[in-house]
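my_file.txt follows; it contains compact mmCIF, C-alpha atoms.
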```txt
# COMPACT_ATOMS: atom_id res chain seq x y z
CA MET H 87 -25.25 -0.31 13.01
CA LEU H 88 -21.55 -0.89 12.54
CA PHE H 89 -20.40 -2.88 9.60
CA GLU H 90 -17.09 -4.01 8.16
CA LYS H 91 -16.19 -4.80 4.57
CA ARG H 92 -12.99 -6.23 3.15
CA TYR H 93 -12.54 -6.57 -0.55
CA PRO H 94 -9.91 -8.03 -2.84
CA ILE H 95 -8.46 -4.85 -4.31
CA GLN H 96 -5.04 -3.54 -4.99
CA SER H 97 -3.22 -1.45 -2.40
CA LEU H 98 -3.67 2.23 -3.15
CA PHE H 99 0.05 2.86 -3.10
CA LEU H 100 1.52 -0.25 -4.68
CA SER H 101 0.46 0.45 -8.24
CA PHE H 102 -1.70 3.45 -8.93
CA MET H 103 -1.71 2.89 -12.65
CA ILE H 104 -3.76 -0.26 -12.18
CA VAL H 105 -6.01 1.14 -9.47
CA LEU H 106 -6.85 4.07 -11.71
CA LEU H 107 -8.66 1.78 -14.08
CA PHE H 108 -11.44 1.52 -11.53
CA SER H 109 -13.73 4.27 -10.28
CA ALA H 110 -17.16 4.80 -8.81
CA CYS H 111 -19.77 7.55 -8.48
CA VAL H 112 -21.08 8.67 -5.14
CA THR H 113 -24.81 8.35 -5.74
CA GLU H 114 -25.34 5.46 -8.15
CA LEU H 115 -23.49 2.74 -10.00
CA ASP H 116 -23.69 3.60 -13.67
CA LEU H 117 -22.24 0.79 -15.79
CA ILE H 118 -21.93 1.60 -19.47
CA VAL H 119 -20.18 -0.94 -21.65
CA LYS H 120 -19.39 0.51 -25.05
CA GLU H 121 -16.50 1.57 -27.20
CA GLN H 122 -14.87 4.69 -25.88
CA SER H 123 -11.98 6.84 -26.91
CA THR H 124 -8.96 7.49 -24.72
CA ARG H 125 -10.13 8.70 -21.32
CA LEU H 126 -8.42 10.67 -18.59
CA VAL H 127 -7.81 8.87 -15.30
CA VAL H 128 -6.96 10.75 -12.08
CA TYR H 129 -6.32 9.42 -8.62
CA GLY H 130 -5.16 11.50 -5.69
CA ASN H 131 -4.94 11.29 -1.92
CA PHE H 132 -4.35 14.25 0.37
CA THR H 133 -3.75 13.72 4.08
CA GLN H 134 -4.36 16.35 6.72
CA GLY H 135 -0.74 16.39 7.90
CA ALA H 136 2.47 15.54 6.09
CA GLY H 137 2.20 12.12 4.45
CA ASP H 138 0.67 10.80 1.27
CA ARG H 139 -0.13 13.88 -0.78
CA PHE H 140 -0.01 12.97 -4.42
CA VAL H 141 -1.93 12.99 -7.68
CA SER H 142 -1.41 10.51 -10.53
CA ILE H 143 -2.71 11.33 -13.99
CA ARG H 144 -2.98 8.83 -16.85
CA ARG H 145 -4.94 8.15 -20.02
CA THR H 146 -6.50 4.81 -20.72
CA GLY H 147 -7.50 3.40 -24.11
CA ASP H 148 -10.68 1.71 -25.25
CA PHE H 149 -12.75 -0.37 -22.84
CA GLY H 150 -10.88 -3.45 -21.71
CA SER H 151 -7.43 -2.02 -22.33
CA GLN H 152 -4.75 -1.48 -19.70
CA VAL H 153 -3.58 1.93 -18.44
CA GLY H 154 -1.61 3.56 -21.17
CA GLU H 155 -0.36 7.09 -21.75
CA ILE H 156 1.05 9.12 -18.90
CA VAL H 157 0.08 12.80 -18.65
CA LYS H 158 2.96 15.24 -18.28
CA GLU H 159 3.31 18.96 -17.63
CA ALA H 160 -0.10 19.41 -16.02
CA GLN H 161 -0.80 22.24 -13.58
CA VAL H 162 -2.20 20.69 -10.40
CA PHE H 163 -3.51 22.62 -7.40
CA LEU H 164 -5.25 22.01 -4.10
CA VAL H 165 -7.84 24.75 -3.59
CA ASP H 166 -9.36 25.64 -0.20
CA GLU H 167 -12.79 27.09 0.49
CA LYS H 168 -11.35 30.64 0.36
CA GLY H 169 -10.15 30.05 -3.19
CA ILE H 170 -6.45 29.87 -2.29
CA SER H 171 -4.56 27.56 -4.66
CA MET H 172 -1.57 25.51 -3.52
CA PRO H 173 0.52 23.69 -6.15
CA PHE H 174 1.60 20.10 -6.68
CA LEU H 175 4.94 19.60 -8.45
CA GLU H 176 5.64 16.93 -11.06
CA THR H 177 8.28 14.60 -9.63
CA GLN H 178 7.96 11.74 -12.07
CA LYS H 179 6.19 11.55 -15.40
CA GLY H 180 2.49 11.75 -14.68
CA ASP H 181 2.93 11.86 -10.88
CA TYR H 182 2.63 15.02 -8.78
CA ARG H 183 3.53 15.69 -5.14
CA PHE H 184 2.27 18.51 -2.94
CA GLU H 185 4.90 21.23 -2.72
CA ASN H 186 4.46 22.53 0.86
CA ASN H 187 5.26 19.75 3.35
CA ARG H 188 4.57 22.09 6.27
CA PHE H 189 1.00 22.81 5.27
CA GLN H 190 -1.63 21.47 7.68
CA ALA H 191 -5.13 21.10 6.26
CA ILE H 192 -7.89 22.14 8.65
CA ALA H 193 -10.41 19.54 9.73
CA GLY H 194 -13.96 20.58 8.84
CA GLN H 195 -12.93 22.82 5.94
CA LYS H 196 -13.55 22.04 2.28
CA TYR H 197 -10.90 21.43 -0.37
CA TYR H 198 -10.95 20.37 -4.00
CA LEU H 199 -8.47 19.47 -6.74
CA ASP H 200 -7.95 21.66 -9.79
CA ILE H 201 -6.06 20.35 -12.85
CA GLU H 202 -5.18 22.13 -16.06
CA LEU H 203 -3.64 20.00 -18.79
CA LYS H 204 -1.04 21.22 -21.25
CA SER H 205 -3.78 21.18 -23.90
CA GLY H 206 -5.82 23.69 -21.88
CA GLU H 207 -8.47 21.27 -20.67
CA ARG H 208 -9.38 21.87 -17.04
CA TYR H 209 -10.74 19.37 -14.53
CA ARG H 210 -11.91 19.60 -10.94
CA SER H 211 -13.01 17.37 -8.12
CA GLU H 212 -16.08 17.92 -6.02
CA ALA H 213 -15.25 19.78 -2.82
CA SER H 214 -14.94 17.50 0.21
CA ILE H 215 -14.65 18.12 3.93
CA MET H 216 -11.31 17.25 5.53
CA PRO H 217 -11.93 14.67 8.31
CA ALA H 218 -10.58 15.10 11.82
CA PRO H 219 -7.66 12.95 12.97
CA LEU H 220 -8.51 9.56 14.46
CA ALA H 221 -5.69 7.79 16.28
CA ILE H 222 -5.03 4.08 16.48
CA LYS H 223 -5.33 3.23 20.16
CA ARG H 224 -3.58 -0.13 19.89
CA SER H 225 -2.17 -2.25 17.09
CA TYR H 226 -1.20 -5.89 17.62
CA TYR H 227 -1.39 -9.41 16.27
CA THR H 228 -3.12 -12.55 17.47
CA PHE H 229 -2.60 -16.13 16.38
CA SER H 230 -5.42 -17.23 14.11
CA PRO H 231 -7.06 -20.65 14.40
CA ILE H 232 -5.44 -23.37 12.31
CA ASN H 233 -6.96 -23.36 8.84
CA PRO H 234 -6.56 -26.66 6.94
CA ALA H 235 -6.52 -24.70 3.68
CA GLN H 236 -3.38 -22.85 4.74
CA GLN H 237 0.02 -24.44 4.45
CA ARG H 238 1.43 -22.53 7.42
CA PRO H 239 0.23 -21.04 10.73
CA ALA H 240 -0.98 -17.46 10.49
CA ILE H 241 -1.47 -14.32 12.53
CA ASP H 242 -4.29 -11.78 12.42
CA ILE H 243 -3.37 -8.09 12.31
CA ARG H 244 -5.78 -6.12 14.53
CA VAL H 245 -6.38 -2.60 15.82
CA ASP H 246 -8.38 -0.93 18.60
CA LEU H 247 -9.56 2.66 18.45
CA ASP H 248 -11.95 5.13 20.06
CA ALA H 249 -14.00 7.16 17.60
CA ALA H 250 -15.29 10.55 18.73
CA PRO H 251 -18.85 11.69 17.92
CA ASN H 252 -19.08 12.77 14.30
CA PRO H 253 -22.28 13.98 12.58
CA ARG H 254 -20.97 12.63 9.25
CA GLY H 255 -20.22 9.17 10.63
CA THR H 256 -16.88 7.35 10.73
CA TYR H 257 -15.27 5.89 7.60
CA LEU H 258 -11.92 4.14 7.64
CA ARG H 259 -9.62 2.24 5.36
CA TRP H 260 -6.23 0.73 6.12
CA ASP H 261 -3.08 0.18 4.09
CA LEU H 262 -0.69 -2.48 5.43
CA ARG H 263 2.98 -2.83 4.53
CA ARG H 264 5.36 -5.47 5.82
CA THR H 265 9.10 -4.78 6.16
CA TRP H 266 11.19 -7.88 6.77
CA GLN H 267 14.82 -8.26 7.67
CA ARG H 268 17.38 -10.64 6.21
CA THR H 269 21.04 -10.84 7.21
CA SER H 270 23.51 -12.33 4.79
CA VAL H 271 25.26 -15.51 5.87
CA ASP H 272 28.54 -14.80 7.65
CA LEU H 273 30.64 -16.57 5.04
CA ALA H 274 33.93 -15.19 6.36
CA THR H 275 33.42 -16.79 9.77
CA HIS H 276 31.82 -19.94 8.41
CA TYR H 277 34.67 -20.68 6.02
CA GLN H 278 37.36 -19.00 8.14
CA SER H 279 38.30 -17.02 5.07
CA TYR H 280 38.37 -13.36 6.07
CA TYR H 281 40.49 -12.26 3.13
CA CYS H 282 37.91 -13.60 0.67
CA PHE H 283 34.55 -12.60 2.16
CA ASP H 284 33.32 -9.27 3.43
CA PRO H 285 31.35 -8.93 6.69
CA PRO H 286 27.67 -9.92 6.38
CA VAL H 287 25.22 -7.29 5.19
CA ARG H 288 21.74 -6.71 6.61
CA CYS H 289 18.92 -5.90 4.19
CA TYR H 290 15.36 -4.66 4.55
CA MET H 291 12.58 -5.47 2.10
CA THR H 292 9.10 -3.91 2.05
CA ASP H 293 5.98 -5.55 0.63
CA SER H 294 2.42 -4.28 0.40
CA LEU H 295 0.01 -6.64 2.14
CA THR H 296 -3.13 -4.97 0.81
CA THR H 297 -2.57 -5.82 -2.83
CA GLN H 298 -5.50 -8.24 -2.79
CA VAL H 299 -7.47 -7.21 0.32
CA LEU H 300 -8.33 -3.62 1.20
CA PRO H 301 -9.76 -3.40 4.75
CA LEU H 302 -12.65 -0.96 5.03
CA PHE H 303 -14.93 0.04 7.88
CA GLY H 304 -17.81 2.47 7.83
CA THR H 305 -20.77 3.55 9.91
CA PRO H 306 -23.17 6.51 9.51
CA ARG H 307 -23.80 6.68 13.26
CA SER H 308 -23.00 10.06 14.75
CA GLY H 309 -22.26 9.00 18.33
CA GLY H 310 -18.86 8.01 19.62
CA PHE H 311 -17.90 4.36 19.94
CA SER H 312 -14.97 2.00 20.44
CA LEU H 313 -13.71 -0.43 17.84
CA VAL H 314 -12.10 -3.44 19.51
CA GLU H 315 -10.10 -6.27 17.91
CA GLN H 316 -10.83 -5.03 14.41
CA LYS H 317 -9.27 -7.63 12.11
CA LEU H 318 -7.45 -6.11 9.16
CA TYR H 319 -5.47 -8.94 7.62
CA ASN H 320 -4.61 -12.63 7.98
CA LEU H 321 -0.91 -13.21 7.37
CA GLU H 322 0.75 -16.60 6.99
CA LEU H 323 4.03 -17.13 8.82
CA ASP H 324 6.21 -17.71 5.78
CA TYR H 325 9.98 -17.71 5.34
CA LYS H 326 10.10 -13.93 5.66
CA PHE H 327 9.51 -14.31 9.40
CA TRP H 328 12.85 -16.04 9.95
CA GLU H 329 14.40 -12.93 11.50
CA LYS H 330 12.29 -9.85 12.24
CA ASN H 331 9.20 -8.27 10.69
CA CYS H 332 7.48 -4.94 11.12
CA ILE H 333 3.87 -4.53 10.01
CA GLN H 334 3.18 -0.89 9.20
CA VAL H 335 -0.52 -0.08 9.67
CA ILE H 336 -1.59 3.15 7.96
CA GLN H 337 -5.10 4.19 8.92
CA TYR H 338 -7.00 6.72 6.81
CA HIS H 339 -9.98 8.47 8.37
CA SER H 340 -11.76 9.42 5.18
CA THR H 341 -15.06 10.79 3.87
CA PRO H 342 -18.40 9.03 3.29
CA GLU H 343 -17.98 9.71 -0.43
CA ALA H 344 -14.58 8.01 -0.50
CA PHE H 345 -15.93 5.00 1.39
CA ILE H 346 -18.79 4.59 -1.10
CA TYR H 347 -16.30 4.98 -3.94
CA TRP H 348 -14.00 2.18 -2.75
CA GLU H 349 -16.97 0.01 -1.85
CA LYS H 350 -18.39 0.22 -5.36
CA VAL H 351 -14.97 -0.08 -6.99
CA SER H 352 -14.45 -3.33 -5.11
CA LYS H 353 -17.80 -4.71 -6.20
CA VAL H 354 -16.98 -4.00 -9.84
CA ALA H 355 -13.49 -5.48 -9.48
CA ASN H 356 -14.87 -8.64 -7.88
CA GLN H 357 -16.92 -9.38 -10.98
CA GLN H 358 -13.68 -10.13 -12.80
CA GLY H 359 -12.23 -12.32 -10.07
CA THR H 360 -8.99 -10.38 -9.80
CA ILE H 361 -8.22 -6.69 -9.47
CA PHE H 362 -5.42 -7.00 -12.01
CA ASP H 363 -7.93 -7.66 -14.80
CA PRO H 364 -9.57 -4.80 -16.71
CA PRO H 365 -12.91 -3.80 -15.12
CA PRO H 366 -16.14 -4.99 -16.78
CA ALA H 367 -17.37 -1.39 -17.03
CA ALA H 368 -16.33 2.21 -16.44
CA VAL H 369 -17.73 3.96 -13.36
CA SER H 370 -17.24 7.70 -12.95
CA GLY H 371 -15.84 9.25 -9.76
CA ASN H 372 -15.81 12.74 -8.22
CA MET H 373 -13.69 14.29 -11.00
CA TYR H 374 -15.35 16.28 -13.81
CA LEU H 375 -14.66 18.67 -16.69
CA ALA H 376 -14.57 22.17 -15.18
CA ASN H 377 -16.78 23.80 -17.83
CA ASP H 378 -19.15 20.82 -18.03
CA PRO H 379 -19.81 19.28 -14.58
CA ASP H 380 -21.98 16.57 -16.11
CA LYS H 381 -18.96 15.17 -17.96
CA ARG H 382 -17.24 12.88 -15.48
CA ILE H 383 -13.83 11.28 -15.81
CA LEU H 384 -12.39 8.17 -14.20
CA GLY H 385 -10.78 8.41 -10.81
CA PHE H 386 -11.17 10.00 -7.41
CA PHE H 387 -9.55 12.68 -5.27
CA GLU H 388 -9.65 11.70 -1.62
CA LEU H 389 -9.18 13.70 1.59
CA SER H 390 -8.13 11.79 4.69
CA ALA H 391 -6.52 12.12 8.12
CA ALA H 392 -3.82 9.49 8.53
CA ASP H 393 -2.33 7.74 11.54
CA THR H 394 0.42 5.11 11.49
CA ALA H 395 1.25 2.30 13.90
CA TYR H 396 3.94 -0.39 13.86
CA ILE H 397 3.72 -4.03 14.93
CA PHE H 398 7.01 -5.89 15.36
CA VAL H 399 7.11 -9.67 15.06
CA GLU H 400 10.31 -11.52 15.95
CA GLN H 401 11.25 -15.14 15.42
CA GLU H 402 12.17 -15.65 19.07
CA GLU H 403 8.77 -14.38 20.15
CA LEU H 404 7.01 -16.76 17.78
CA LYS H 405 9.02 -19.67 19.15
CA GLN H 406 7.81 -18.87 22.67
CA TYR H 407 4.28 -19.57 21.48
CA GLY H 408 5.24 -22.74 19.66
CA TYR H 409 5.42 -21.29 16.16
CA TYR H 410 8.57 -22.16 14.28
CA THR H 411 9.57 -20.76 10.91
CA PRO H 412 12.10 -22.90 9.02
CA ASN H 413 15.40 -21.29 8.16
CA PRO H 414 15.26 -20.49 4.43
CA CYS H 415 19.07 -20.61 4.32
CA SER H 416 19.64 -23.87 6.19
CA ARG H 417 22.14 -26.42 4.92
CA ASP H 418 23.15 -29.94 5.83
CA PRO H 419 25.15 -29.71 9.10
CA SER H 420 26.78 -33.08 8.43
CA ASN H 421 28.50 -31.67 5.36
CA LYS H 422 32.13 -31.02 6.21
CA ASP H 423 33.58 -27.84 4.77
CA GLU H 424 36.94 -27.89 3.08
CA SER H 425 37.31 -24.15 2.65
CA TRP H 426 40.87 -24.42 1.47
CA ARG H 427 39.59 -26.23 -1.63
CA LEU H 428 36.98 -23.59 -2.46
CA PRO H 429 37.73 -20.81 -4.96
CA CYS H 430 37.55 -17.23 -3.71
CA ILE H 431 34.44 -15.99 -5.54
CA LYS H 432 32.82 -12.72 -4.52
CA ASP H 433 30.45 -12.36 -7.45
CA PRO H 434 26.99 -13.60 -6.34
CA SER H 435 25.89 -13.94 -9.97
CA TYR H 436 28.43 -16.70 -10.51
CA ARG H 437 26.30 -19.53 -11.93
CA PHE H 438 27.97 -22.27 -9.93
CA TRP H 439 27.78 -20.37 -6.66
CA GLN H 440 25.18 -22.61 -5.03
CA ILE H 441 26.86 -25.78 -6.28
CA THR H 442 30.25 -24.67 -5.03
CA TYR H 443 29.36 -23.07 -1.72
CA GLU H 444 25.97 -24.72 -1.15
CA TRP H 445 24.38 -21.37 -0.31
CA PRO H 446 21.74 -19.74 -2.57
CA PRO H 447 23.04 -16.33 -3.72
CA ALA H 448 20.17 -14.56 -1.91
CA CYS H 449 21.30 -16.15 1.36
CA ALA H 450 24.97 -15.40 0.90
CA PHE H 451 24.24 -11.87 -0.36
CA CYS H 452 20.92 -10.36 0.75
CA GLN H 453 21.51 -7.67 -1.87
CA LYS H 454 20.31 -10.27 -4.37
CA ILE H 455 16.78 -10.09 -2.93
CA ALA H 456 14.51 -8.00 -5.14
CA GLY H 457 13.57 -4.63 -3.67
CA HIS H 458 16.22 -4.72 -0.96
CA SER H 459 17.61 -1.74 0.90
CA THR H 460 20.65 -1.71 3.15
CA VAL H 461 19.44 1.46 4.89
CA ARG H 462 17.86 0.76 8.27
CA PRO H 463 14.28 2.16 8.29
CA SER H 464 13.75 5.10 10.62
CA PHE H 465 11.01 3.22 12.50
CA TRP H 466 13.09 0.07 13.00
CA ARG H 467 13.97 -1.02 16.50
```

I'd like the structure from this file rewritten - as structure tokens, please.
Amino acid sequence: MLFEKRYPIQSLFLSFMIVLLFSACVTELDLIVKEQSTRLVVYGNFTQGAGDRFVSIRRTGDFGSQVGEIVKEAQVFLVDEKGISMPFLETQKGDYRFENNRFQAIAGQKYYLDIELKSGERYRSEASIMPAPLAIKRSYYTFSPINPAQQRPAIDIRVDLDAAPNPRGTYLRWDLRRTWQRTSVDLATHYQSYYCFDPPVRCYMTDSLTTQVLPLFGTPRSGGFSLVEQKLYNLELDYKFWEKNCIQVIQYHSTPEAFIYWEKVSKVANQQGTIFDPPPAAVSGNMYLANDPDKRILGFFELSAADTAYIFVEQEELKQYGYYTPNPCSRDPSNKDESWRLPCIKDPSYRFWQITYEWPPACAFCQKIAGHSTVRPSFWR
């Protein structure tokens, strides 16, 4: 029987240091609440093709504390079933990226993670089978029914796919990221002051949508099937939809062990009411001390085959269906401009900017929006 689960849990790639506080074992949920010394926390994801191939290593303090010390100068390797080791390189403190971007993992073969700390301690993950690729057949959005609890209309992000027969079943999770566009107000044209203002700049901002909801789907059935109109996320049409949006849907075809891990992690996290709170107990994952397999550490190393799809949502398209997003940079059209009286101020941090020009700095200069980039994304159209 097919089943779907969606849990409030942080996106895997938004903040690994927080995610690493949670972990789960594959066979049973072992909750032990007691004082503990600093513990090692490892989380890694390795995709079949080029993509997310990283390992993050941290140390956490006593129970109830937040993630603390980063772990530097570790030797990290992916090891295949023939015993061939392939290195990860430290790119930031405590974070490691796979060195060979051209390497293609083979579906059906086993791989595990091997870590040697600077102190000489060695840790491994249980060997897992690399899943076969599973493509997204269609990605799209539909308008969701009006919910009185929501302040704005909303859309549902959905996917269709055809799953091939698989004796191990089919286990999926999705990571959703929204990139939205904002163009600075054309102040030069508006005020007819081309010597004072530069041409408008276009910015792109990216947010993770799965910071509170992680869509999961799993079934142990071995036969092939089709998944139709699978709902991944409900997204309100807020001010970020004024221009253009692109919803990036990253689908991970993962292992049964990884699915059970995230399922149990989510159950533990839900006991606290928010995934940003410390977990009520520590649950071990598939990582263990190399010379003592019974000694588990926090975290999980996951193998997955990834596929990515893009859903574009434009303001003009929404208007055709009767959905209107207010302009976040609107101003009173009855106000008559006297540009010759205005001072020539290019600094958007000027504290009287909005009073003088009646534009919020983030509207006049999109570079004031947190997390902005003026580089057009490669997938943008």

Quiz item: With all atoms listed in the file as the atoms that count, which of H:Ala274, H:Val165, H:Leu300, H:Leu199 lies nearest to Phe345 (chain H)?
Solution: H:Leu300

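Ranking H:Tyr129, H:Tyr410, H:Tyr280, H:Tyr290 by their shortest atom-to-atom distance to Gln453 (chain H), with only C-alpha atoms included, puts H:Tyr290 first.
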
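Rounded to one decimal, CA of Lys326 (chain H) and CA of Ser279 (chain H) lie 28.4 Å from each other.
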
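Among the candidates H:Glu322, H:Glu403, H:Asp181, H:Glu167, the one nearest to Tyr198 (chain H) when counting only C-alpha atoms is H:Glu167.
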
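When all atoms listed in the file are used to measure the gap to Val399 (chain H), the shortest distance among H:Ser171, H:Gln190, H:Gln334, H:Asn131 belongs to H:Gln334.
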